[in-house]
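I have placed the structure first, in the form of structure tokens, so that the comments after it can refer back to it.
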Amino acid sequence: MEITDPKAIRALAHAARLEVISELYSTQVSRTATELAAQTGLTPSAMSYHLRALQKWGIVEPAATAGDARERRWRAAGSDFTINSGGGLASPEFAVLDLELDAFRRRVDAFAKVRDQRRRKGESTEAPGVVMLSSNLLYLTPSQRSELTARVFALLKEYELEDPGHVPQGAERMATMWSVVPDDRK
């Protein structure tokens with residue numbers, strides 16, 4: 001799923017919508033509005049509103065129900081999700097980027113709080129997972145940039161679950177963020 005329409009990109013500029021997209025596309029598991037509302041801190045009716053808005057742009061779609069037809073299930077409308085503004089400077093994907101960065105900060109803060117609570121209880125703070133951030137400055141031609149992007153996505157794909165319903169024992173859910181941003185500073 002590639003979003004190029006500026007109106008659709010603007011429709012994404014909401015933290016709860018981005019969290020829903022991240023959850024549905026990364027797990028490829030259907031969820032109800034109630035399940036997604038609990039994850040985002042919204043009410044189920046507010047989440048239903050956001051899901052219908054995402055459906056309007058073809059980002060999510062209704063999924064098969066699992067027994068109880070009263071609870072509508074939603075799923076990703078594709079397997080991958082990309083926002084491509086065509087390189088416009090003042091385009092809405094920058095608002096989406098701010099929301100994604102805020103979501104990443106919230107994940108890091110939540111991890112730090114859990115680690116701090118463990119430390120206070122005298123528990124081990126050595127977590128099996130680690131928070132990692134890497135920043136590099138590269139000089140790339142357009143073809144090199146395309147090649148790097150393709151290689152990184154191919155590498156990440158190797159680690160995606162083949163069966164989202166089966167998480168390997170001992171596996172931790174890890175959020176990743178990768179970007180390539182032109183640095184026009186001289």
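By convention in this document, the chains of the structure tokens carry letters A, B, ... by their order, each chain's residues are numbered from 1, and ligands are numbered from 1 in the order they are shown.
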
ask   = Could you pull out all residues of chain A with a DSSP call of helix (DSSP H, G or I) and give them as an NGL selection string?
value = :A and (6-11 or 15-27 or 33-40 or 44-56 or 93-120 or 142-158)

inquiry  = Please list as number ranges by chain every residue within 10 Å of Gly165 in chain A, counting only C-alpha atoms and excluding residues in the same chain fewer than 6 positions away.
reply    = A: 27-29

Residues of the last selection are to be written out with N, CA and C atoms, as a JSON list (two decimals), in the first residue's frame.
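Saved as selection-v3.json:
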```json
[["chain", "number", "residue", "atom", "x", "y", "z"],
["A", 27, "THR", "N", 1.46, -6.59, 12.21],
["A", 27, "THR", "CA", 1.06, -7.92, 12.68],
["A", 27, "THR", "C", 0.29, -8.71, 11.65],
["A", 28, "GLN", "N", -0.41, -8.00, 10.73],
["A", 28, "GLN", "CA", -1.29, -8.64, 9.75],
["A", 28, "GLN", "C", -2.37, -9.48, 10.44],
["A", 29, "VAL", "N", -2.77, -9.06, 11.64],
["A", 29, "VAL", "CA", -3.81, -9.72, 12.41],
["A", 29, "VAL", "C", -4.98, -8.75, 12.51]]
```

query = From the list A:Leu12, A:Ala175, A:Val108, A:Val181, which residue is nearest Trp57 in chain A when using only C-alpha atoms?
reply =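 Among the listed residues, A:Leu12 lies closest to Trp57 in chain A.
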
task = Going by DSSP on the backbone, which bits of chain A are strand (DSSP E or B)? Write them as a VMD selection string, please.
result = chain A and resid 2 to 3 31 to 32 60 to 63 73 to 76 82 to 83

Please save N, CA and C atoms of the selected residues as a PDB file, in the first residue's frame.
```pdb
ATOM      1  N   GLU A   2       0.799   2.043  -1.045  1.00  0.00           N
ATOM      2  CA  GLU A   2       1.575   3.278  -1.115  1.00  0.00           C
ATOM      3  C   GLU A   2       0.599   4.441  -1.180  1.00  0.00           C
ATOM      4  N   ILE A   3       0.749   5.374  -0.248  1.00  0.00           N
ATOM      5  CA  ILE A   3      -0.113   6.544  -0.184  1.00  0.00           C
ATOM      6  C   ILE A   3       0.628   7.709  -0.826  1.00  0.00           C
ATOM      7  N   ARG A  31      -8.193  -6.837  14.103  1.00  0.00           N
ATOM      8  CA  ARG A  31      -8.505  -6.352  15.449  1.00  0.00           C
ATOM      9  C   ARG A  31      -9.878  -5.695  15.417  1.00  0.00           C
ATOM     10  N   THR A  32     -10.514  -5.624  16.585  1.00  0.00           N
ATOM     11  CA  THR A  32     -11.780  -4.905  16.706  1.00  0.00           C
ATOM     12  C   THR A  32     -11.478  -3.466  17.112  1.00  0.00           C
ATOM     13  N   VAL A  60      -7.373   0.573   5.533  1.00  0.00           N
ATOM     14  CA  VAL A  60      -7.837  -0.603   6.271  1.00  0.00           C
ATOM     15  C   VAL A  60      -9.132  -1.067   5.631  1.00  0.00           C
ATOM     16  N   GLU A  61      -9.524  -2.290   5.956  1.00  0.00           N
ATOM     17  CA  GLU A  61     -10.766  -2.834   5.414  1.00  0.00           C
ATOM     18  C   GLU A  61     -11.390  -3.779   6.436  1.00  0.00           C
ATOM     19  N   PRO A  62     -12.696  -3.984   6.331  1.00  0.00           N
ATOM     20  CA  PRO A  62     -13.344  -4.938   7.238  1.00  0.00           C
ATOM     21  C   PRO A  62     -12.758  -6.330   7.027  1.00  0.00           C
ATOM     22  N   ALA A  63     -12.661  -7.071   8.124  1.00  0.00           N
ATOM     23  CA  ALA A  63     -12.139  -8.440   8.072  1.00  0.00           C
ATOM     24  C   ALA A  63     -13.257  -9.405   8.441  1.00  0.00           C
ATOM     25  N   ARG A  73     -14.471  -6.607  12.827  1.00  0.00           N
ATOM     26  CA  ARG A  73     -13.015  -6.718  12.826  1.00  0.00           C
ATOM     27  C   ARG A  73     -12.458  -5.935  11.641  1.00  0.00           C
ATOM     28  N   TRP A  74     -11.261  -5.419  11.823  1.00  0.00           N
ATOM     29  CA  TRP A  74     -10.586  -4.622  10.803  1.00  0.00           C
ATOM     30  C   TRP A  74      -9.210  -5.213  10.553  1.00  0.00           C
ATOM     31  N   ARG A  75      -8.752  -5.062   9.307  1.00  0.00           N
ATOM     32  CA  ARG A  75      -7.425  -5.550   8.950  1.00  0.00           C
ATOM     33  C   ARG A  75      -6.745  -4.556   8.017  1.00  0.00           C
ATOM     34  N   ALA A  76      -5.449  -4.746   7.841  1.00  0.00           N
ATOM     35  CA  ALA A  76      -4.682  -3.936   6.903  1.00  0.00           C
ATOM     36  C   ALA A  76      -5.160  -4.243   5.489  1.00  0.00           C
ATOM     37  N   THR A  82       3.582   2.522   2.782  1.00  0.00           N
ATOM     38  CA  THR A  82       4.566   3.549   2.484  1.00  0.00           C
ATOM     39  C   THR A  82       3.851   4.863   2.191  1.00  0.00           C
ATOM     40  N   ILE A  83       4.436   5.954   2.684  1.00  0.00           N
ATOM     41  CA  ILE A  83       3.934   7.291   2.363  1.00  0.00           C
ATOM     42  C   ILE A  83       4.934   7.913   1.401  1.00  0.00           C
TER      43      ILE A  83
END
```

ask   = Which residues come within 10 Å of Ser179 in chain A, counting only C-alpha atoms, excluding same-chain residues fewer than 3 positions away, as a ChimeraX atom specification?
value = /A:135,149,182

Please list as a PDB file with C-alpha atoms, in the first residue's frame every residue within 9 Å of Ala77 in chain A, counting only C-alpha atoms and excluding residues in the same chain fewer than 3 positions away.
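In the end it all went to selection07.pdb:
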```pdb
ATOM      1  CA  MET A   1       0.000   0.000   0.000  1.00  0.00           C
ATOM      2  CA  LEU A  24      -2.483  -3.802  11.617  1.00  0.00           C
ATOM      3  CA  TYR A  25       0.260  -3.686   8.986  1.00  0.00           C
ATOM      4  CA  GLN A  55     -11.267   2.699   5.252  1.00  0.00           C
ATOM      5  CA  GLY A  58      -8.362   2.226   1.343  1.00  0.00           C
ATOM      6  CA  ILE A  59      -5.815   1.867   4.167  1.00  0.00           C
ATOM      7  CA  VAL A  60      -7.837  -0.603   6.271  1.00  0.00           C
ATOM      8  CA  GLU A  61     -10.766  -2.834   5.414  1.00  0.00           C
ATOM      9  CA  PRO A  62     -13.344  -4.938   7.238  1.00  0.00           C
ATOM     10  CA  ASP A  80       3.313  -3.071   3.478  1.00  0.00           C
TER      11      ASP A  80
END
```

task = Go through A:Leu54, A:Glu35, A:Arg151, A:Phe81 one by one, measure the shortest atom-to-atom distance of each to His14 in chain A using only C-alpha atoms, and give the residue with the smallest value.
result =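 Closest candidate: A:Leu54.
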